[in-house]
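Student: This structure is in structure tokens; I'll ask about it shortly.
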Amino acid sequence: MDKFEAYKKLGIDRDVFDFCEGIQRELKDRFEAIGAMAELNQLKVMDAFRKEQVQEACLMGTSGYGYNDLGRDTLEKVYADIFHTDDALVRPQITCGTHALALALMSNLRPGDHMLSASGRPYDTLEEVIGIRESKGSLKEYGISYDEVPLRDDGSFDIDGIREKLLPETKLVAIQRSKGYSDRKSFSVRQIAECINLIKSIRSDVIIMVDNCYGEFVEDIEPTDVGADMAVGSLIKNPGGGLAPMGGYIAGKSECIENAARRLTSPGLGKEVGATFGMMRDFYQGLFLAPTVTASALKGAVFAANIYERLGFETLPAASDERYDIIQAVTFRREDALISFCRGIQAASPVDSFVAPEPWDMPGYDSKVIMAAGCFISGSSIELSADGPLREPYSVYFQGGLTWEHAKYGIMNSLQYLVNDNIVDRNKLR
């Protein structure tokens, strides 16, 4: 079958097909560079599997208390090897990325301590964790104070502002690697290193926690390679490789991990308990596939940026920018365009393709959010997905794609929906 005929069966017309094929041909060198990075990260993962002697018995699960869970304990050693840390906590009991971050914060801060965000306002769902928005159980309720240092106009760290707001009672400094729903660029690990070096030169005892969500395996190093005391993320994003059905991780210094384990389970129990319910095969295999799955998502992000920038929309990162996470933002400045894009992504999904997503009051957010995510794992954002808050400037945040081929089709279908809804002028494709 002719390639166009295959896309035509899925609703892609000739103008959209030809336009997108032309963009893809221009990206050969970019895609080769992404593949080379995936190769380096694949070798790093393989080395950790070999070093820790991952065996068939590791793929089994436990029930009950989960004592002596070989697979769980070995997997945490593998994560510690990959992130070059003392220890790691990798558990299905960590429900999501926000939970992992809350766990890292609440276990390492005490009443009277001060937390500082060096990367401006954190992601929306952390606002209630911290107490920026009032919520039961927040850090604020426990007497932990908070401040933040806005980024400079150019999106860089405000070094003087950080220096000024580092107080004697500052116990922990948080850095968010990815942009979240903000209009800034995501940070490279090397940019994060500069910030860490400044903080440590002033207060070597301060704990530095990096929200690593969406950034794992995008570069050849991770934040813990450049001095972060903790890197925190979700297993239904990059490191789960699309197979982990739930879970989160914290990799870092021994004391930080011990504190987190005792908060997750109980003082006196810590890492010794926590059954894995037969999930270990998916955790191991997902981690093994993560570098190449992340590369597929990166190719999709680069492809989307080049398509929509060519059509005159604002993109972040820009089409030619280096990539430091898998998220691609496109600003439409129109509510109907944001909704149309998400419906195109949903219609290109393997699960629930017949469903039209609607904006709703999603827990943890302060405005309605529309989310397209027809995924095998509910809410998995390493799979093809797109979402955005219904507020100015009406930006969509696209990420994921277990395979490049699926990411490509999803992006083409988002454009097809915008053309069909007369939001993108068909003449611009010719």
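Going through the structure tokens in order, the chains are called A, B, and so on, while each chain numbers its residues from 1 and the ligands are numbered from 1 in the order shown.
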Show which residues sit within 8 Å of A:Leu126, as a list in words. Count only C-alpha atoms, and ignore same-chain residues fewer than 2 positions away.
Tutor: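 Answer for this query is Thr98, Ala102, Pro122, Tyr123, Asp124, Glu128, Val129, Ile130 and Gly364 of chain A.
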Student: So which residues touch A:Leu139 within 10 Å, counting only C-alpha atoms, skipping near sequence neighbours fewer than 5 positions away, as JSON, numbers by chain?
Tutor: {"A": [102, 105, 106, 109, 110, 111, 113, 114, 115, 128, 129, 130, 131, 132, 144, 145, 146]}
Student: Skipping near chain neighbours, those fewer than 2 positions away, what residues fall within 8 Å of stretch 331-345 of chain A using only C-alpha atoms, listed as a PDB file with N, CA and C atoms, in the first residue's frame?
Tutor:
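Once everything was written out, this is around10.pdb:
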ATOM      1  N   PHE A 313       2.829  29.838  14.368  1.00  0.00           N
ATOM      2  CA  PHE A 313       2.505  29.811  15.795  1.00  0.00           C
ATOM      3  C   PHE A 313       3.776  29.912  16.637  1.00  0.00           C
ATOM      4  N   GLU A 314       3.621  30.416  17.859  1.00  0.00           N
ATOM      5  CA  GLU A 314       4.743  30.469  18.792  1.00  0.00           C
ATOM      6  C   GLU A 314       4.978  29.071  19.364  1.00  0.00           C
ATOM      7  N   THR A 315       6.217  28.645  19.382  1.00  0.00           N
ATOM      8  CA  THR A 315       6.559  27.339  19.927  1.00  0.00           C
ATOM      9  C   THR A 315       7.647  27.485  20.982  1.00  0.00           C
ATOM     10  N   ALA A 329       5.537  22.995  23.725  1.00  0.00           N
ATOM     11  CA  ALA A 329       4.418  23.919  23.874  1.00  0.00           C
ATOM     12  C   ALA A 329       4.170  24.651  22.560  1.00  0.00           C
ATOM     13  N   ALA A 347      -8.082  11.624  18.925  1.00  0.00           N
ATOM     14  CA  ALA A 347      -8.570  10.793  17.815  1.00  0.00           C
ATOM     15  C   ALA A 347      -7.465   9.932  17.222  1.00  0.00           C
ATOM     16  N   ALA A 348      -6.201  10.281  17.475  1.00  0.00           N
ATOM     17  CA  ALA A 348      -5.067   9.503  16.985  1.00  0.00           C
ATOM     18  C   ALA A 348      -4.558   8.515  18.023  1.00  0.00           C
ATOM     19  N   SER A 349      -5.293   8.354  19.116  1.00  0.00           N
ATOM     20  CA  SER A 349      -4.849   7.486  20.206  1.00  0.00           C
ATOM     21  C   SER A 349      -5.302   6.041  19.995  1.00  0.00           C
ATOM     22  N   ALA A 356     -14.255  12.526  22.521  1.00  0.00           N
ATOM     23  CA  ALA A 356     -13.872  13.928  22.347  1.00  0.00           C
ATOM     24  C   ALA A 356     -13.584  14.526  23.716  1.00  0.00           C
ATOM     25  N   PRO A 357     -12.332  14.890  24.011  1.00  0.00           N
ATOM     26  CA  PRO A 357     -12.021  15.440  25.331  1.00  0.00           C
ATOM     27  C   PRO A 357     -12.700  16.781  25.555  1.00  0.00           C
ATOM     28  N   GLU A 358     -13.096  17.025  26.803  1.00  0.00           N
ATOM     29  CA  GLU A 358     -13.726  18.275  27.206  1.00  0.00           C
ATOM     30  C   GLU A 358     -12.944  18.897  28.357  1.00  0.00           C
ATOM     31  N   ILE A 370      -7.957  20.875  29.649  1.00  0.00           N
ATOM     32  CA  ILE A 370      -8.352  19.871  28.663  1.00  0.00           C
ATOM     33  C   ILE A 370      -7.183  18.931  28.467  1.00  0.00           C
ATOM     34  N   MET A 371      -7.466  17.646  28.427  1.00  0.00           N
ATOM     35  CA  MET A 371      -6.393  16.658  28.342  1.00  0.00           C
ATOM     36  C   MET A 371      -6.767  15.575  27.341  1.00  0.00           C
ATOM     37  N   ALA A 372      -5.893  15.355  26.385  1.00  0.00           N
ATOM     38  CA  ALA A 372      -6.034  14.252  25.435  1.00  0.00           C
ATOM     39  C   ALA A 372      -5.027  13.178  25.817  1.00  0.00           C
ATOM     40  N   ALA A 373      -5.521  11.998  26.131  1.00  0.00           N
ATOM     41  CA  ALA A 373      -4.608  10.948  26.595  1.00  0.00           C
ATOM     42  C   ALA A 373      -5.272   9.589  26.430  1.00  0.00           C
ATOM     43  N   LEU A 384       1.560   9.162  23.841  1.00  0.00           N
ATOM     44  CA  LEU A 384       1.083  10.318  23.093  1.00  0.00           C
ATOM     45  C   LEU A 384      -0.013  11.032  23.879  1.00  0.00           C
ATOM     46  N   SER A 385       0.211  12.283  24.210  1.00  0.00           N
ATOM     47  CA  SER A 385      -0.768  13.022  25.002  1.00  0.00           C
ATOM     48  C   SER A 385      -0.581  14.516  24.779  1.00  0.00           C
ATOM     49  N   ALA A 386      -1.605  15.271  25.136  1.00  0.00           N
ATOM     50  CA  ALA A 386      -1.556  16.725  25.035  1.00  0.00           C
ATOM     51  C   ALA A 386      -2.542  17.300  26.029  1.00  0.00           C
ATOM     52  N   ASP A 387      -2.191  18.421  26.603  1.00  0.00           N
ATOM     53  CA  ASP A 387      -3.078  19.037  27.576  1.00  0.00           C
ATOM     54  C   ASP A 387      -2.752  20.514  27.689  1.00  0.00           C
ATOM     55  N   GLY A 388      -3.625  21.225  28.327  1.00  0.00           N
ATOM     56  CA  GLY A 388      -3.381  22.648  28.547  1.00  0.00           C
ATOM     57  C   GLY A 388      -4.504  23.270  29.343  1.00  0.00           C
ATOM     58  N   LEU A 390      -7.269  26.088  30.233  1.00  0.00           N
ATOM     59  CA  LEU A 390      -8.075  27.015  29.437  1.00  0.00           C
ATOM     60  C   LEU A 390      -7.960  28.424  30.018  1.00  0.00           C
ATOM     61  N   ARG A 391      -6.831  29.032  29.735  1.00  0.00           N
ATOM     62  CA  ARG A 391      -6.553  30.395  30.155  1.00  0.00           C
ATOM     63  C   ARG A 391      -5.559  30.980  29.170  1.00  0.00           C
ATOM     64  N   GLU A 392      -5.495  32.293  29.139  1.00  0.00           N
ATOM     65  CA  GLU A 392      -4.530  32.952  28.258  1.00  0.00           C
ATOM     66  C   GLU A 392      -3.117  32.464  28.584  1.00  0.00           C
ATOM     67  N   PRO A 393      -2.280  32.238  27.567  1.00  0.00           N
ATOM     68  CA  PRO A 393      -2.477  32.530  26.138  1.00  0.00           C
ATOM     69  C   PRO A 393      -2.970  31.320  25.341  1.00  0.00           C
ATOM     70  N   TYR A 394      -3.636  30.373  26.007  1.00  0.00           N
ATOM     71  CA  TYR A 394      -4.157  29.171  25.346  1.00  0.00           C
ATOM     72  C   TYR A 394      -3.050  28.376  24.637  1.00  0.00           C
ATOM     73  N   SER A 395      -2.132  27.918  25.475  1.00  0.00           N
ATOM     74  CA  SER A 395      -1.026  27.090  24.987  1.00  0.00           C
ATOM     75  C   SER A 395      -1.337  25.626  25.229  1.00  0.00           C
ATOM     76  N   VAL A 396      -0.962  24.787  24.283  1.00  0.00           N
ATOM     77  CA  VAL A 396      -1.079  23.350  24.453  1.00  0.00           C
ATOM     78  C   VAL A 396       0.305  22.792  24.755  1.00  0.00           C
ATOM     79  N   GLY A 410       0.068  11.281  15.310  1.00  0.00           N
ATOM     80  CA  GLY A 410      -0.706  12.116  16.219  1.00  0.00           C
ATOM     81  C   GLY A 410      -0.564  13.590  15.900  1.00  0.00           C
ATOM     82  N   ILE A 411       0.653  14.023  15.606  1.00  0.00           N
ATOM     83  CA  ILE A 411       0.891  15.436  15.291  1.00  0.00           C
ATOM     84  C   ILE A 411       0.221  15.798  13.964  1.00  0.00           C
ATOM     85  N   ASN A 413      -2.406  14.429  12.769  1.00  0.00           N
ATOM     86  CA  ASN A 413      -3.851  14.463  12.981  1.00  0.00           C
ATOM     87  C   ASN A 413      -4.282  15.723  13.723  1.00  0.00           C
ATOM     88  N   SER A 414      -3.419  16.221  14.628  1.00  0.00           N
ATOM     89  CA  SER A 414      -3.750  17.484  15.294  1.00  0.00           C
ATOM     90  C   SER A 414      -3.853  18.612  14.267  1.00  0.00           C
ATOM     91  N   LEU A 415      -2.928  18.611  13.306  1.00  0.00           N
ATOM     92  CA  LEU A 415      -2.970  19.617  12.244  1.00  0.00           C
ATOM     93  C   LEU A 415      -4.205  19.426  11.369  1.00  0.00           C
ATOM     94  N   GLN A 416      -4.539  18.176  11.088  1.00  0.00           N
ATOM     95  CA  GLN A 416      -5.723  17.900  10.262  1.00  0.00           C
ATOM     96  C   GLN A 416      -6.978  18.468  10.918  1.00  0.00           C
ATOM     97  N   TYR A 417      -7.100  18.323  12.233  1.00  0.00           N
ATOM     98  CA  TYR A 417      -8.268  18.857  12.941  1.00  0.00           C
ATOM     99  C   TYR A 417      -8.302  20.381  12.861  1.00  0.00           C
ATOM    100  N   LEU A 418      -7.146  21.019  12.974  1.00  0.00           N
ATOM    101  CA  LEU A 418      -7.097  22.476  12.890  1.00  0.00           C
ATOM    102  C   LEU A 418      -7.461  22.964  11.489  1.00  0.00           C
ATOM    103  N   ASP A 421     -11.245  22.491  11.041  1.00  0.00           N
ATOM    104  CA  ASP A 421     -12.021  23.479  11.805  1.00  0.00           C
ATOM    105  C   ASP A 421     -11.759  24.911  11.344  1.00  0.00           C
ATOM    106  N   ILE A 423      -9.147  26.687  11.377  1.00  0.00           N
ATOM    107  CA  ILE A 423      -8.263  27.462  12.243  1.00  0.00           C
ATOM    108  C   ILE A 423      -6.915  27.666  11.557  1.00  0.00           C
TER     109      ILE A 423
END
Student: Run DSSP on the backbone and grab whatever in stretch 192-325 of chain A lands in strand (DSSP E or B); send it over as a count of residues only.
Tutor: 18
Student: Restrict the calculation to only C-alpha atoms, then for each residue of stretch 21-109 of chain A with any atom at most 8 Å from an atom of stretch 281-293 of chain A give the closest atom pair and their distance in Å to one decimal, rows by chain and rising residue number, as a tab-separated table.
Tutor:
residue	atom	partner	partner_atom	distance
A:Gly35	CA	A:Thr292	CA	7.8
A:Ala38	CA	A:Pro291	CA	5.1
A:Glu39	CA	A:Pro291	CA	7.6
A:Asn41	CA	A:Pro291	CA	5.8
A:Gln42	CA	A:Pro291	CA	5.6
A:Val45	CA	A:Phe288	CA	6.5
A:Met46	CA	A:Phe288	CA	7.3
A:Cys58	CA	A:Arg281	CA	7.8
A:Leu59	CA	A:Arg281	CA	4.6
A:Met60	CA	A:Arg281	CA	7.0
A:Leu75	CA	A:Tyr284	CA	7.2
Student: Within 10 Å of stretch 76-84 of chain A, counting only C-alpha atoms, which residues qualify if same-chain residues fewer than 6 places away don't, as an MDAnalysis selection string?
Tutor: chainID A and resid 41 44:54 90:91 216:217 221:226 230:231 239 249:253 284 287
Student: At a cut-off of 9 Å, using only C-alpha atoms, what residues contact A:Leu116? Leave out same-chain residues fewer than 5 positions from it and give the result as a compact mmCIF listing (two decimals) with C-alpha atoms, in the first residue's frame.
Tutor:
# COMPACT_ATOMS: atom_id res chain seq x y z
CA SER A 145 7.74 28.54 55.33
CA TYR A 146 8.23 29.08 51.62
CA ASP A 147 9.61 31.64 49.22
CA GLU A 148 10.50 31.68 45.54
CA VAL A 149 12.89 33.54 43.28
CA ILE A 162 18.76 33.34 45.19
CA LYS A 165 16.63 34.74 49.78
CA LEU A 166 18.82 31.94 51.14
CA THR A 170 16.55 27.47 54.59
CA LYS A 171 16.71 23.69 54.63
CA LEU A 172 15.83 22.81 51.04
CA VAL A 173 16.03 24.48 47.63
CA ALA A 174 13.82 23.16 44.84
CA ILE A 175 14.59 23.42 41.13
Student: Tell me which protein, DNA and RNA residues are within 12 Å of A:Glu322, counting only C-alpha atoms, leaving out same-chain ones fewer than 2 positions away, and put them as a PyMOL selection string.
Tutor: chain A and resi 30+33-34+185-188+218-219+298-299+301-302+305+316-320+324-326+328
Student: Just to be explicit: take each residue in the selection above, keep C-alpha atoms, and write the result as a short mmCIF file (atom, residue, chain, number, x, y, z; two decimals), in the first residue's frame.
Tutor:
data_model
loop_
_atom_site.label_atom_id
_atom_site.label_comp_id
_atom_site.auth_asym_id
_atom_site.auth_seq_id
_atom_site.Cartn_x
_atom_site.Cartn_y
_atom_site.Cartn_z
CA ARG A 30 18.29 16.23 14.24
CA ALA A 33 21.54 13.21 17.00
CA ILE A 34 18.57 12.10 19.12
CA LYS A 185 12.36 27.34 28.56
CA SER A 186 13.20 24.11 30.34
CA PHE A 187 16.63 23.93 31.95
CA SER A 188 19.55 21.84 30.78
CA VAL A 218 17.08 13.40 27.31
CA GLU A 219 20.72 14.33 28.03
CA LEU A 298 11.81 13.77 21.47
CA LYS A 299 11.51 13.23 17.73
CA ALA A 301 8.44 17.14 19.93
CA VAL A 302 10.95 18.38 17.34
CA ALA A 305 7.76 22.44 16.78
CA LEU A 316 8.57 26.62 23.05
CA PRO A 317 11.18 25.30 22.61
CA ALA A 318 11.60 26.89 19.20
CA ALA A 319 12.05 24.57 16.24
CA SER A 320 15.85 24.86 16.23
CA TYR A 324 16.10 19.36 27.62
CA ASP A 325 12.77 17.57 28.15
CA ILE A 326 10.10 15.91 26.03
CA GLN A 328 6.58 20.85 23.33
#
Student: Which polymer residues have any atom within 10 Å of an atom of A:Thr62, counting only C-alpha atoms, with same-chain residues fewer than 3 positions away left out, as an MDAnalysis selection string?
Tutor: chainID A and resid 65:72 274:280
Student: Find the nearest atom pair between each residue of stretch 47-117 of chain A and stretch 242-248 of chain A for residues within 6 Å, count only C-alpha atoms, give distances in Å to one decimal, sort rows by chain and ascending number, and present the table as a Markdown table.
Tutor:
| residue | atom | partner | partner_atom | distance |
| --- | --- | --- | --- | --- |
| A:Val90 | CA | A:Gly248 | CA | 5.9 |
| A:Arg91 | CA | A:Gly247 | CA | 5.5 |
| A:Pro92 | CA | A:Gly247 | CA | 4.0 |
| A:Ile94 | CA | A:Gly247 | CA | 4.9 |
| A:Thr95 | CA | A:Gly247 | CA | 5.3 |
| A:Cys96 | CA | A:Gly248 | CA | 5.9 |
| A:Ala100 | CA | A:Gly248 | CA | 5.8 |
Student: Could you take the residues named above and write them with C-alpha atoms, as a PDB file, in the first residue's frame?
Tutor:
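Resulting contents of selection_7.pdb:
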ATOM      1  CA  VAL A  90      11.364   3.249  43.531  1.00  0.00           C
ATOM      2  CA  ARG A  91       7.892   2.110  44.543  1.00  0.00           C
ATOM      3  CA  PRO A  92       4.432   1.414  43.144  1.00  0.00           C
ATOM      4  CA  ILE A  94       4.197   6.354  45.053  1.00  0.00           C
ATOM      5  CA  THR A  95       1.098   7.239  43.085  1.00  0.00           C
ATOM      6  CA  CYS A  96       2.347   9.977  40.729  1.00  0.00           C
ATOM      7  CA  ALA A 100       6.895  11.709  44.739  1.00  0.00           C
TER       8      ALA A 100
END
Student: Just how far from atom CA of A:Gln176 is atom CA of A:Met209, in Å to one decimal?
Tutor: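 Taking atom CA of A:Met209 and atom CA of A:Gln176, their separation equals 8.6 Å.
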Student: Which of stretch 282-365 of chain A end up as alpha helix (DSSP H) when DSSP is run on this backbone - answer as a PDB file with C-alpha atoms, in the first residue's frame?
Tutor:
ATOM      1  CA  ASP A 282       7.053  -3.974  33.847  1.00  0.00           C
ATOM      2  CA  PHE A 283       9.285  -1.749  35.984  1.00  0.00           C
ATOM      3  CA  TYR A 284      12.468  -3.433  34.739  1.00  0.00           C
ATOM      4  CA  GLN A 285      11.453  -3.763  31.112  1.00  0.00           C
ATOM      5  CA  GLY A 286      10.069  -0.225  31.042  1.00  0.00           C
ATOM      6  CA  LEU A 287      13.342   1.158  32.411  1.00  0.00           C
ATOM      7  CA  PHE A 288      15.284  -0.896  29.864  1.00  0.00           C
ATOM      8  CA  LEU A 289      13.205   0.588  27.013  1.00  0.00           C
ATOM      9  CA  ALA A 290      13.135   4.114  28.453  1.00  0.00           C
ATOM     10  CA  PRO A 291      16.054   5.607  26.467  1.00  0.00           C
ATOM     11  CA  THR A 292      14.587   4.611  23.089  1.00  0.00           C
ATOM     12  CA  VAL A 293      11.004   5.478  24.077  1.00  0.00           C
ATOM     13  CA  THR A 294      12.215   8.898  25.258  1.00  0.00           C
ATOM     14  CA  ALA A 295      13.991   9.332  21.913  1.00  0.00           C
ATOM     15  CA  SER A 296      10.720   8.655  20.072  1.00  0.00           C
ATOM     16  CA  ALA A 297       8.988  11.295  22.173  1.00  0.00           C
ATOM     17  CA  LEU A 298      11.811  13.772  21.470  1.00  0.00           C
ATOM     18  CA  LYS A 299      11.510  13.232  17.735  1.00  0.00           C
ATOM     19  CA  GLY A 300       7.786  13.917  18.020  1.00  0.00           C
ATOM     20  CA  ALA A 301       8.444  17.143  19.935  1.00  0.00           C
ATOM     21  CA  VAL A 302      10.950  18.384  17.343  1.00  0.00           C
ATOM     22  CA  PHE A 303       8.554  17.450  14.521  1.00  0.00           C
ATOM     23  CA  ALA A 304       5.656  19.314  16.171  1.00  0.00           C
ATOM     24  CA  ALA A 305       7.755  22.436  16.780  1.00  0.00           C
ATOM     25  CA  ASN A 306       8.875  22.587  13.157  1.00  0.00           C
ATOM     26  CA  ILE A 307       5.351  22.091  11.810  1.00  0.00           C
ATOM     27  CA  TYR A 308       3.634  24.675  13.971  1.00  0.00           C
ATOM     28  CA  GLU A 309       6.420  27.241  13.840  1.00  0.00           C
ATOM     29  CA  ARG A 310       6.342  27.041  10.047  1.00  0.00           C
ATOM     30  CA  GLU A 335      -9.489  28.616  23.038  1.00  0.00           C
ATOM     31  CA  ASP A 336     -11.034  26.802  20.081  1.00  0.00           C
ATOM     32  CA  ALA A 337      -7.584  26.021  18.648  1.00  0.00           C
ATOM     33  CA  LEU A 338      -6.392  24.507  21.934  1.00  0.00           C
ATOM     34  CA  ILE A 339      -9.488  22.302  22.073  1.00  0.00           C
ATOM     35  CA  SER A 340      -9.211  21.312  18.406  1.00  0.00           C
ATOM     36  CA  PHE A 341      -5.542  20.312  18.779  1.00  0.00           C
ATOM     37  CA  CYS A 342      -6.317  18.098  21.778  1.00  0.00           C
ATOM     38  CA  ARG A 343      -9.219  16.451  19.988  1.00  0.00           C
ATOM     39  CA  GLY A 344      -6.922  15.650  17.072  1.00  0.00           C
ATOM     40  CA  ILE A 345      -4.447  13.975  19.433  1.00  0.00           C
ATOM     41  CA  GLN A 346      -7.223  12.023  21.151  1.00  0.00           C
ATOM     42  CA  ALA A 347      -8.570  10.793  17.815  1.00  0.00           C
TER      43      ALA A 347
END
Student: Using only C-alpha atoms, can you tell me which of A:Ile236, A:Leu311, A:Ile12, A:Val330 comes closest to A:Gly379?
Tutor: A:Ile236
Student: Pick from A:Ser381, A:Ser266, A:Asn108, A:Gln191: nearest to A:Val206, with only C-alpha atoms counted?
Tutor: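 Going through A:Ser381, A:Ser266, A:Asn108, A:Gln191 one by one, the smallest distance to A:Val206 is for A:Asn108.
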Student: Between A:Glu56, A:Glu134, A:Glu405, A:Asp73, which residue has the minimum interatomic distance to A:Tyr7, considering only C-alpha atoms?
Tutor: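 Looking at the shortest contact to A:Tyr7, the residue is A:Glu405.
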Student: Please measure the separation of atom CA of A:Asp183 and atom CA of A:Leu101, giving the value in Å to one decimal.
Tutor: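 Straight-line distance from atom CA of A:Asp183 to atom CA of A:Leu101 works out to 21.7 Å.
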Student: Find the residue from A:Met1, A:Met362, A:Ala228, A:Val351 that sits nearest to A:Val189; use only C-alpha atoms when measuring.
Tutor: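 Looking only at the distances to A:Val189, the closest residue turns out to be A:Ala228.
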Student: Work out how far atom CA of A:Val369 is from atom CA of A:Pro389, in Å to one decimal.
Tutor: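 Going from atom CA of A:Pro389 over to atom CA of A:Val369, I get 4.3 Å.
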